[in-house]
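Remarks on the structure that follows.
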Amino acid sequence: MSEFSNAMEVFKLLDKSNCRDCNEKTCLAFAGAVYQGLRHLNECPKISKEIIQQYNGDQPQERSSIELEMTGFVEDLKKQIQSIDLLSITDKTGGRIVNNKLTIKILGKDISIDSQGNLYSDIHLHQWITIPLLSYILDCKGLPLSGKWVPFRELKNGKTFAPLYEQRCEKPLKKVADTYTDLFEDMVHLFNGRQVEKHYQADISLVLHPLPKVPILICYWKPDDGLESSLHLFYDAVMEDNLNIRAVYSLVAGLVTMFEKISLRHGVK
Ligand code: SF4
């Protein structure tokens with residue numbers, strides 16, 4: 001869990017110049033992201049080393065930061081879930097009711113939620129799964145997807161997170177694909193990825209469903225004839241009708257972290 005009990009505790013440590021060097025619009029936005037565990041204090045260049053050390057922010061930043069416990073935030077989302085009739089949202093969320101619980105597939109695995117917001121699954125529920133899932137249940141409008149794939153920064157609010165997204169999502173995922181290409185392909189299949197018709201002449205074109213109405217198209221081009229490899233993720237143009245951009249970012253960053261960990265554990269170069 002973030003060591004802070006609320007965002008204002010973080011905010012008090014900032015210089016409040018709203019300089020945007022951290023790629024957030026304001027210091028308050030940065031404080032909120034630190035509180036939620038999405039950012040680290042040491043990503044604000046204006047905080048003194050002493051303060052960072054005090055809050056352990058001098059530790060090498062690991063991708064697992066996205067998995068930091070965010071219990072307070074999760075509890076808030078769960079409370080909001082309690083006011084929803086889960087039976088009435090099966091269609092729009094793409095879920096089904098099993099034993100009075102709304103059951104939703106995440107990467108092919110069932111996760112159930114009861115009317116109190118408690119989650120049940122055979123898989124380990126990381127924060128990077130639970131927060132986007134709860135946000136999805138709360139936000140999902142269930143409107144038809146457009147079928148048009150766009151890069152992250154072309155999503156309605158994509159630019160807000162684009163610099164972070166590139167650093168923490170596409171760049172490290174490309175590294176995994178470059179280093180462990182076969183394993184990468186296997187992993188994507190393992191998570192119920194579906195091979196699709198080649199997009200943009202990519203060597204690998206796969207669609208993952210981290211949430212039923214949040215598909216992600218992964219395209220990877222292997223190095224060829226002196227050309228560097230390339231990897232890009234694409235999203236349905238209206239995906240933000242189903243999941244807010246912060247949750248999308250959190251979900252994909254978590255997914256990439258998981259890919260990195262599996263690669264390090266099992267990958268053979
Ligand atoms: S870099 Fe630091 S001071 Fe500047 S906006 Fe971000 S948090 Fe505020």
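Order determines the names: the first chain of the structure tokens is A, the second B, and so forth; residues in each chain are numbered 1 upward, and ligands are numbered 1 upward as they are shown.
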
*Find the residues near ligand 1. Use a cut-off of 9 Å, count only C-alpha atoms and all ligand atoms, and write them as a ChimeraX atom specification.*
/A:11,14-31,41,43-47

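Counting only C-alpha atoms, region 75-79 of chain A has the following residues at most 9 Å away, ignoring those fewer than 6 positions along the same chain: Gln116, Gly117, Asn118, Ile131, Leu134, Ser135 and Leu138 of chain A.
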
*Tell me which of A:Ala202, A:Val150, A:Leu264, A:Met258 sits closest to Leu233 (chain A), counting only C-alpha atoms.*
A:Val150

*Could you pull the residues within 9 Å of region 161-173 of chain A, counting only C-alpha atoms, minus those fewer than 2 positions along the same chain, as a ChimeraX atom specification?*
/A:23-24,63,152-153,157-159,175-178,231-233,245-246,249,252-257,259-260

Selection near Phe191 (chain A), 7 Å with only C-alpha atoms, sequence-local residues under 3 positions removed, as a short mmCIF file (atom, residue, chain, number, x, y, z; two decimals) with C-alpha atoms, in the first residue's frame:
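And here's selection37.cif as it stands now:
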```
data_model
loop_
_atom_site.label_atom_id
_atom_site.label_comp_id
_atom_site.auth_asym_id
_atom_site.auth_seq_id
_atom_site.Cartn_x
_atom_site.Cartn_y
_atom_site.Cartn_z
CA LEU A 107 -7.56 -12.77 -19.79
CA GLY A 108 -9.68 -15.91 -20.02
CA MET A 187 2.49 -15.97 -23.27
CA VAL A 188 0.08 -13.96 -25.31
#
```

*Determine the nearest neighbour of Phe234 (chain A) from the options A:Lys109, A:His40, A:His126, A:Lys148, counting only C-alpha atoms.*
A:Lys148

*Assign secondary structure with DSSP using the backbone only, and return the residues of region 10-157 of chain A in strand (DSSP E) as a PyMOL selection string.*
chain A and resi 96-98+101-106+109-113+119-121+149-151

Mind checking DSSP for region 2-191 of chain A and telling me the helix (DSSP H, G or I) residues as a CSV table (one decimal) with N, CA, C and O atoms, in the first residue's frame?
```
chain,number,residue,atom,x,y,z
A,7,ALA,N,-4.2,11.7,-0.4
A,7,ALA,CA,-3.4,12.4,-1.4
A,7,ALA,C,-2.8,13.7,-0.8
A,7,ALA,O,-1.8,14.1,-1.3
A,8,MET,N,-3.5,14.3,0.1
A,8,MET,CA,-3.1,15.6,0.7
A,8,MET,C,-1.7,15.4,1.4
A,8,MET,O,-0.9,16.3,1.4
A,9,GLU,N,-1.5,14.2,2.0
A,9,GLU,CA,-0.2,14.0,2.6
A,9,GLU,C,0.9,14.0,1.6
A,9,GLU,O,2.0,14.5,2.0
A,10,VAL,N,0.6,13.5,0.5
A,10,VAL,CA,1.7,13.6,-0.6
A,10,VAL,C,1.8,15.0,-1.1
A,10,VAL,O,2.9,15.5,-1.2
A,11,PHE,N,0.7,15.7,-1.3
A,11,PHE,CA,0.7,17.0,-1.8
A,11,PHE,C,1.5,18.0,-1.0
A,11,PHE,O,2.3,18.8,-1.5
A,27,CYS,N,0.4,19.5,-9.5
A,27,CYS,CA,1.0,18.7,-8.4
A,27,CYS,C,0.0,17.9,-7.7
A,27,CYS,O,0.3,16.8,-7.2
A,28,LEU,N,-1.2,18.4,-7.7
A,28,LEU,CA,-2.3,17.6,-7.0
A,28,LEU,C,-2.6,16.3,-7.7
A,28,LEU,O,-2.8,15.3,-7.1
A,29,ALA,N,-2.6,16.4,-9.1
A,29,ALA,CA,-2.8,15.2,-9.9
A,29,ALA,C,-1.7,14.2,-9.6
A,29,ALA,O,-1.9,13.0,-9.4
A,30,PHE,N,-0.4,14.7,-9.5
A,30,PHE,CA,0.7,13.8,-9.2
A,30,PHE,C,0.5,13.2,-7.8
A,30,PHE,O,0.7,12.0,-7.6
A,31,ALA,N,0.1,14.0,-6.8
A,31,ALA,CA,-0.1,13.5,-5.5
A,31,ALA,C,-1.2,12.4,-5.5
A,31,ALA,O,-1.0,11.4,-4.8
A,32,GLY,N,-2.2,12.6,-6.2
A,32,GLY,CA,-3.3,11.6,-6.3
A,32,GLY,C,-2.7,10.3,-6.9
A,32,GLY,O,-3.0,9.2,-6.4
A,33,ALA,N,-1.9,10.4,-7.9
A,33,ALA,CA,-1.3,9.2,-8.5
A,33,ALA,C,-0.4,8.5,-7.6
A,33,ALA,O,-0.3,7.3,-7.6
A,34,VAL,N,0.4,9.3,-6.8
A,34,VAL,CA,1.3,8.6,-5.8
A,34,VAL,C,0.5,7.9,-4.8
A,34,VAL,O,0.8,6.8,-4.4
A,35,TYR,N,-0.5,8.6,-4.3
A,35,TYR,CA,-1.4,8.0,-3.3
A,35,TYR,C,-2.0,6.7,-3.8
A,35,TYR,O,-2.0,5.7,-3.1
A,41,LEU,N,7.1,8.8,-5.6
A,41,LEU,CA,7.6,10.2,-5.2
A,41,LEU,C,8.8,10.6,-6.0
A,41,LEU,O,9.0,11.8,-6.4
A,42,ASN,N,9.7,9.7,-6.2
A,42,ASN,CA,11.0,10.1,-6.9
A,42,ASN,C,10.8,10.4,-8.3
A,42,ASN,O,11.8,10.8,-9.0
A,43,GLU,N,9.6,10.4,-8.8
A,43,GLU,CA,9.3,10.9,-10.2
A,43,GLU,C,9.1,12.4,-10.3
A,43,GLU,O,9.0,12.9,-11.3
A,49,LYS,N,16.2,14.7,-1.9
A,49,LYS,CA,16.6,13.3,-1.7
A,49,LYS,C,16.2,12.9,-0.3
A,49,LYS,O,15.9,11.7,-0.1
A,50,GLU,N,16.3,13.8,0.7
A,50,GLU,CA,16.0,13.5,2.1
A,50,GLU,C,14.6,13.0,2.2
A,50,GLU,O,14.3,12.0,2.8
A,51,ILE,N,13.7,13.7,1.5
A,51,ILE,CA,12.3,13.3,1.6
A,51,ILE,C,12.0,12.0,0.9
A,51,ILE,O,11.3,11.1,1.4
A,52,ILE,N,12.7,11.8,-0.2
A,52,ILE,CA,12.5,10.6,-1.0
A,52,ILE,C,13.0,9.4,-0.1
A,52,ILE,O,12.4,8.4,0.0
A,53,GLN,N,14.2,9.6,0.5
A,53,GLN,CA,14.7,8.5,1.4
A,53,GLN,C,13.8,8.2,2.5
A,53,GLN,O,13.5,7.1,2.8
A,54,GLN,N,13.2,9.3,3.1
A,54,GLN,CA,12.3,9.1,4.2
A,54,GLN,C,11.1,8.2,3.8
A,54,GLN,O,10.6,7.5,4.6
A,63,ARG,N,8.9,-2.3,-11.9
A,63,ARG,CA,7.6,-2.3,-12.6
A,63,ARG,C,6.5,-2.7,-11.6
A,63,ARG,O,5.3,-2.3,-11.7
A,64,SER,N,6.9,-3.4,-10.5
A,64,SER,CA,5.9,-3.9,-9.6
A,64,SER,C,5.3,-2.8,-8.8
A,64,SER,O,4.4,-3.0,-8.0
A,65,SER,N,5.7,-1.5,-9.0
A,65,SER,CA,5.1,-0.4,-8.3
A,65,SER,C,3.6,-0.4,-8.6
A,65,SER,O,2.8,0.1,-7.8
A,66,ILE,N,3.3,-0.8,-9.8
A,66,ILE,CA,1.9,-0.8,-10.2
A,66,ILE,C,1.1,-1.8,-9.4
A,66,ILE,O,-0.2,-1.7,-9.3
A,67,GLU,N,1.8,-2.7,-8.8
A,67,GLU,CA,1.1,-3.7,-8.0
A,67,GLU,C,1.0,-3.4,-6.5
A,67,GLU,O,0.6,-4.1,-5.7
A,71,THR,N,-5.1,-0.4,-0.9
A,71,THR,CA,-6.3,-0.8,-0.2
A,71,THR,C,-7.3,0.2,0.0
A,71,THR,O,-8.5,0.0,-0.3
A,72,GLY,N,-6.9,1.4,0.4
A,72,GLY,CA,-7.9,2.5,0.6
A,72,GLY,C,-8.7,2.8,-0.7
A,72,GLY,O,-9.9,2.9,-0.7
A,73,PHE,N,-8.0,2.8,-1.8
A,73,PHE,CA,-8.6,3.1,-3.1
A,73,PHE,C,-9.6,2.0,-3.5
A,73,PHE,O,-10.7,2.3,-3.9
A,74,VAL,N,-9.1,0.8,-3.3
A,74,VAL,CA,-10.0,-0.4,-3.6
A,74,VAL,C,-11.2,-0.4,-2.7
A,74,VAL,O,-12.3,-0.6,-3.2
A,75,GLU,N,-11.0,0.0,-1.5
A,75,GLU,CA,-12.2,0.0,-0.6
A,75,GLU,C,-13.2,1.0,-1.0
A,75,GLU,O,-14.4,0.8,-1.0
A,76,ASP,N,-12.7,2.2,-1.5
A,76,ASP,CA,-13.7,3.2,-2.0
A,76,ASP,C,-14.5,2.7,-3.2
A,76,ASP,O,-15.7,2.8,-3.3
A,77,LEU,N,-13.8,2.0,-4.1
A,77,LEU,CA,-14.4,1.4,-5.3
A,77,LEU,C,-15.4,0.4,-4.9
A,77,LEU,O,-16.6,0.3,-5.4
A,78,LYS,N,-15.1,-0.5,-3.9
A,78,LYS,CA,-16.0,-1.5,-3.4
A,78,LYS,C,-17.3,-0.9,-2.8
A,78,LYS,O,-18.3,-1.4,-3.1
A,79,LYS,N,-17.1,0.2,-2.1
A,79,LYS,CA,-18.3,0.8,-1.5
A,79,LYS,C,-19.2,1.3,-2.7
A,79,LYS,O,-20.4,1.2,-2.6
A,80,GLN,N,-18.6,1.8,-3.7
A,80,GLN,CA,-19.5,2.3,-4.8
A,80,GLN,C,-20.2,1.1,-5.5
A,80,GLN,O,-21.3,1.2,-5.9
A,81,ILE,N,-19.5,0.0,-5.5
A,81,ILE,CA,-20.1,-1.2,-6.1
A,81,ILE,C,-21.4,-1.6,-5.4
A,81,ILE,O,-22.3,-2.1,-5.9
A,86,LEU,N,-26.0,-5.8,-9.5
A,86,LEU,CA,-25.1,-6.5,-10.4
A,86,LEU,C,-25.8,-7.3,-11.4
A,86,LEU,O,-25.4,-7.5,-12.5
A,87,LEU,N,-27.1,-7.8,-11.0
A,87,LEU,CA,-27.9,-8.5,-12.0
A,87,LEU,C,-28.2,-7.7,-13.2
A,87,LEU,O,-28.3,-8.2,-14.3
A,88,SER,N,-28.3,-6.4,-13.1
A,88,SER,CA,-28.7,-5.5,-14.2
A,88,SER,C,-27.6,-5.2,-15.1
A,88,SER,O,-27.8,-4.5,-16.1
A,89,ILE,N,-26.4,-5.5,-14.8
A,89,ILE,CA,-25.3,-5.0,-15.6
A,89,ILE,C,-24.5,-6.2,-16.3
A,89,ILE,O,-23.4,-6.0,-16.8
A,90,THR,N,-25.1,-7.4,-16.3
A,90,THR,CA,-24.4,-8.5,-17.0
A,90,THR,C,-24.2,-8.2,-18.4
A,90,THR,O,-23.1,-8.4,-18.9
A,91,ASP,N,-25.2,-7.7,-19.1
A,91,ASP,CA,-25.1,-7.5,-20.6
A,91,ASP,C,-24.0,-6.4,-20.9
A,91,ASP,O,-23.1,-6.6,-21.7
A,92,LYS,N,-24.1,-5.3,-20.2
A,92,LYS,CA,-23.2,-4.3,-20.6
A,92,LYS,C,-21.8,-4.5,-20.2
A,92,LYS,O,-20.9,-4.0,-20.8
A,93,THR,N,-21.6,-5.3,-19.2
A,93,THR,CA,-20.2,-5.6,-18.8
A,93,THR,C,-19.6,-6.9,-19.5
A,93,THR,O,-18.5,-7.2,-19.4
A,127,GLN,N,-3.4,-5.9,-7.5
A,127,GLN,CA,-4.1,-4.6,-7.5
A,127,GLN,C,-4.3,-4.1,-8.9
A,127,GLN,O,-5.2,-3.5,-9.2
A,128,TRP,N,-3.3,-4.5,-9.8
A,128,TRP,CA,-3.5,-4.0,-11.2
A,128,TRP,C,-4.6,-4.6,-11.9
A,128,TRP,O,-5.1,-4.2,-12.9
A,129,ILE,N,-5.1,-5.8,-11.4
A,129,ILE,CA,-6.3,-6.4,-11.9
A,129,ILE,C,-7.6,-5.8,-11.2
A,129,ILE,O,-8.6,-5.4,-11.8
A,130,THR,N,-7.5,-5.8,-9.9
A,130,THR,CA,-8.7,-5.4,-9.1
A,130,THR,C,-9.2,-4.0,-9.4
A,130,THR,O,-10.4,-3.8,-9.6
A,131,ILE,N,-8.3,-3.1,-9.4
A,131,ILE,CA,-8.7,-1.7,-9.6
A,131,ILE,C,-9.3,-1.5,-11.0
A,131,ILE,O,-10.4,-0.9,-11.1
A,132,PRO,N,-8.7,-1.9,-12.1
A,132,PRO,CA,-9.4,-1.7,-13.4
A,132,PRO,C,-10.7,-2.5,-13.4
A,132,PRO,O,-11.7,-2.0,-14.0
A,133,LEU,N,-10.7,-3.7,-12.8
A,133,LEU,CA,-12.0,-4.5,-12.8
A,133,LEU,C,-13.1,-3.7,-12.1
A,133,LEU,O,-14.2,-3.6,-12.7
A,134,LEU,N,-12.8,-3.2,-10.9
A,134,LEU,CA,-13.9,-2.5,-10.2
A,134,LEU,C,-14.2,-1.2,-11.0
A,134,LEU,O,-15.4,-0.9,-11.1
A,135,SER,N,-13.3,-0.6,-11.6
A,135,SER,CA,-13.6,0.7,-12.4
A,135,SER,C,-14.4,0.3,-13.6
A,135,SER,O,-15.4,1.0,-13.9
A,136,TYR,N,-14.1,-0.8,-14.2
A,136,TYR,CA,-14.9,-1.3,-15.3
A,136,TYR,C,-16.3,-1.6,-15.0
A,136,TYR,O,-17.2,-1.1,-15.7
A,137,ILE,N,-16.5,-2.2,-13.8
A,137,ILE,CA,-17.9,-2.5,-13.4
A,137,ILE,C,-18.7,-1.2,-13.2
A,137,ILE,O,-19.8,-1.1,-13.5
A,138,LEU,N,-17.9,-0.2,-12.6
A,138,LEU,CA,-18.6,1.0,-12.3
A,138,LEU,C,-18.8,1.9,-13.6
A,138,LEU,O,-19.8,2.6,-13.7
A,139,ASP,N,-17.9,1.8,-14.5
A,139,ASP,CA,-17.9,2.8,-15.6
A,139,ASP,C,-18.5,2.3,-16.9
A,139,ASP,O,-18.9,3.0,-17.8
A,152,PHE,N,-2.7,4.3,-28.4
A,152,PHE,CA,-3.2,4.9,-27.1
A,152,PHE,C,-3.3,6.4,-27.1
A,152,PHE,O,-4.3,6.9,-26.6
A,153,ARG,N,-2.3,7.1,-27.7
A,153,ARG,CA,-2.4,8.5,-27.6
A,153,ARG,C,-3.6,9.1,-28.5
A,153,ARG,O,-3.9,10.3,-28.3
A,154,GLU,N,-4.2,8.3,-29.3
A,154,GLU,CA,-5.3,8.8,-30.1
A,154,GLU,C,-6.7,8.5,-29.4
A,154,GLU,O,-7.7,8.9,-29.9
A,158,GLY,N,-6.1,10.0,-24.2
A,158,GLY,CA,-4.8,9.2,-24.2
A,158,GLY,C,-3.6,10.1,-24.0
A,158,GLY,O,-2.6,9.7,-23.4
A,159,LYS,N,-3.6,11.3,-24.5
A,159,LYS,CA,-2.4,12.2,-24.5
A,159,LYS,C,-2.0,12.4,-23.0
A,159,LYS,O,-0.8,12.6,-22.7
A,160,THR,N,-3.0,12.4,-22.1
A,160,THR,CA,-2.7,12.7,-20.7
A,160,THR,C,-1.6,11.7,-20.2
A,160,THR,O,-0.8,12.1,-19.4
A,161,PHE,N,-1.8,10.5,-20.6
A,161,PHE,CA,-0.9,9.5,-20.0
A,161,PHE,C,0.2,9.0,-21.0
A,161,PHE,O,0.9,8.1,-20.7
A,162,ALA,N,0.1,9.6,-22.2
A,162,ALA,CA,1.0,9.0,-23.3
A,162,ALA,C,2.5,8.9,-22.9
A,162,ALA,O,3.1,7.8,-23.2
A,163,PRO,N,3.1,9.9,-22.4
A,163,PRO,CA,4.5,9.8,-22.1
A,163,PRO,C,4.8,8.6,-21.1
A,163,PRO,O,5.7,7.8,-21.3
A,164,LEU,N,4.0,8.6,-20.0
A,164,LEU,CA,4.1,7.5,-19.1
A,164,LEU,C,3.9,6.1,-19.7
A,164,LEU,O,4.6,5.2,-19.5
A,165,TYR,N,2.8,6.1,-20.5
A,165,TYR,CA,2.4,4.9,-21.2
A,165,TYR,C,3.5,4.3,-22.1
A,165,TYR,O,3.9,3.2,-22.0
A,166,GLU,N,4.2,5.3,-22.8
A,166,GLU,CA,5.2,4.8,-23.7
A,166,GLU,C,6.4,4.2,-22.9
A,166,GLU,O,7.0,3.2,-23.3
A,167,GLN,N,6.7,4.9,-21.8
A,167,GLN,CA,7.8,4.4,-21.0
A,167,GLN,C,7.5,3.1,-20.3
A,167,GLN,O,8.4,2.2,-20.1
A,168,ARG,N,6.3,3.0,-19.8
A,168,ARG,CA,6.0,1.8,-18.9
A,168,ARG,C,5.3,0.7,-19.6
A,168,ARG,O,5.1,-0.4,-19.0
A,169,CYS,N,4.8,1.0,-20.8
A,169,CYS,CA,4.0,-0.1,-21.4
A,169,CYS,C,4.6,-0.6,-22.7
A,169,CYS,O,5.2,-1.6,-22.8
A,170,GLU,N,4.6,0.3,-23.7
A,170,GLU,CA,5.1,-0.2,-25.0
A,170,GLU,C,6.6,-0.5,-25.0
A,170,GLU,O,7.0,-1.5,-25.6
A,171,LYS,N,7.4,0.4,-24.4
A,171,LYS,CA,8.8,0.2,-24.4
A,171,LYS,C,9.3,-1.1,-23.8
A,171,LYS,O,9.9,-1.9,-24.4
A,172,PRO,N,8.8,-1.3,-22.5
A,172,PRO,CA,9.2,-2.6,-21.9
A,172,PRO,C,8.6,-3.8,-22.5
A,172,PRO,O,9.3,-4.9,-22.6
A,173,LEU,N,7.4,-3.7,-23.1
A,173,LEU,CA,6.8,-4.8,-23.8
A,173,LEU,C,7.6,-5.2,-25.0
A,173,LEU,O,7.8,-6.4,-25.3
A,174,LYS,N,8.1,-4.2,-25.7
A,174,LYS,CA,8.9,-4.4,-26.9
A,174,LYS,C,10.2,-5.1,-26.5
A,174,LYS,O,10.6,-6.1,-27.2
A,175,LYS,N,10.8,-4.8,-25.4
A,175,LYS,CA,12.0,-5.4,-24.9
A,175,LYS,C,11.7,-6.9,-24.6
A,175,LYS,O,12.5,-7.7,-25.0
A,176,VAL,N,10.6,-7.2,-24.0
A,176,VAL,CA,10.2,-8.6,-23.8
A,176,VAL,C,10.1,-9.3,-25.1
A,176,VAL,O,10.7,-10.4,-25.3
A,177,ALA,N,9.4,-8.7,-26.0
A,177,ALA,CA,9.2,-9.4,-27.3
A,177,ALA,C,10.5,-9.5,-28.1
A,177,ALA,O,10.7,-10.6,-28.7
A,178,ASP,N,11.4,-8.6,-28.0
A,178,ASP,CA,12.7,-8.6,-28.7
A,178,ASP,C,13.6,-9.8,-28.1
A,178,ASP,O,14.2,-10.5,-28.8
A,179,THR,N,13.5,-9.9,-26.7
A,179,THR,CA,14.4,-10.8,-26.1
A,179,THR,C,13.9,-12.2,-26.1
A,179,THR,O,14.7,-13.2,-26.2
A,181,THR,N,11.2,-13.7,-28.0
A,181,THR,CA,10.1,-13.6,-29.0
A,181,THR,C,9.2,-14.8,-29.0
A,181,THR,O,8.0,-14.6,-28.9
A,182,ASP,N,9.8,-16.0,-28.9
A,182,ASP,CA,8.9,-17.2,-28.9
A,182,ASP,C,8.0,-17.3,-27.6
A,182,ASP,O,6.8,-17.5,-27.7
A,183,LEU,N,8.7,-17.0,-26.5
A,183,LEU,CA,8.0,-17.0,-25.2
A,183,LEU,C,6.9,-16.0,-25.2
A,183,LEU,O,5.8,-16.2,-24.7
A,184,PHE,N,7.2,-14.8,-25.8
A,184,PHE,CA,6.3,-13.7,-25.8
A,184,PHE,C,5.0,-14.2,-26.6
A,184,PHE,O,3.9,-14.0,-26.1
A,185,GLU,N,5.2,-14.8,-27.7
A,185,GLU,CA,4.1,-15.3,-28.5
A,185,GLU,C,3.3,-16.3,-27.7
A,185,GLU,O,2.0,-16.3,-27.6
A,186,ASP,N,4.0,-17.2,-27.0
A,186,ASP,CA,3.3,-18.3,-26.2
A,186,ASP,C,2.5,-17.6,-25.0
A,186,ASP,O,1.4,-18.0,-24.8
A,187,MET,N,3.1,-16.6,-24.4
A,187,MET,CA,2.5,-16.0,-23.3
A,187,MET,C,1.2,-15.3,-23.7
A,187,MET,O,0.2,-15.4,-23.0
A,188,VAL,N,1.3,-14.7,-24.8
A,188,VAL,CA,0.1,-14.0,-25.3
A,188,VAL,C,-1.0,-15.0,-25.6
A,188,VAL,O,-2.2,-14.7,-25.2
A,189,HIS,N,-0.7,-16.1,-26.1
A,189,HIS,CA,-1.7,-17.2,-26.3
A,189,HIS,C,-2.2,-17.7,-25.0
A,189,HIS,O,-3.4,-18.0,-24.8
A,190,LEU,N,-1.2,-17.9,-24.0
A,190,LEU,CA,-1.6,-18.4,-22.7
A,190,LEU,C,-2.7,-17.5,-22.1
A,190,LEU,O,-3.6,-18.0,-21.4
```

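If you measure from each of A:Leu155, A:Ile123, A:Leu13, A:Ile106 to Met239 (chain A) using only C-alpha atoms, the closest one turns out to be A:Leu155.
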
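The nearest approach to Lys222 (chain A) among the residues A:Gln201, A:Thr103, A:Ala247, A:Pro210, with only C-alpha atoms taken into account, belongs to A:Gln201.
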
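The spacing separating CA of Lys261 (chain A) from CA of Glu197 (chain A) amounts to 28.5 Å.
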
*Residue with smallest distance to Ser112 (chain A) - pool A:Ser229, A:Asn99, A:Asn242, A:Ser250, counting only C-alpha atoms*: A:Asn99
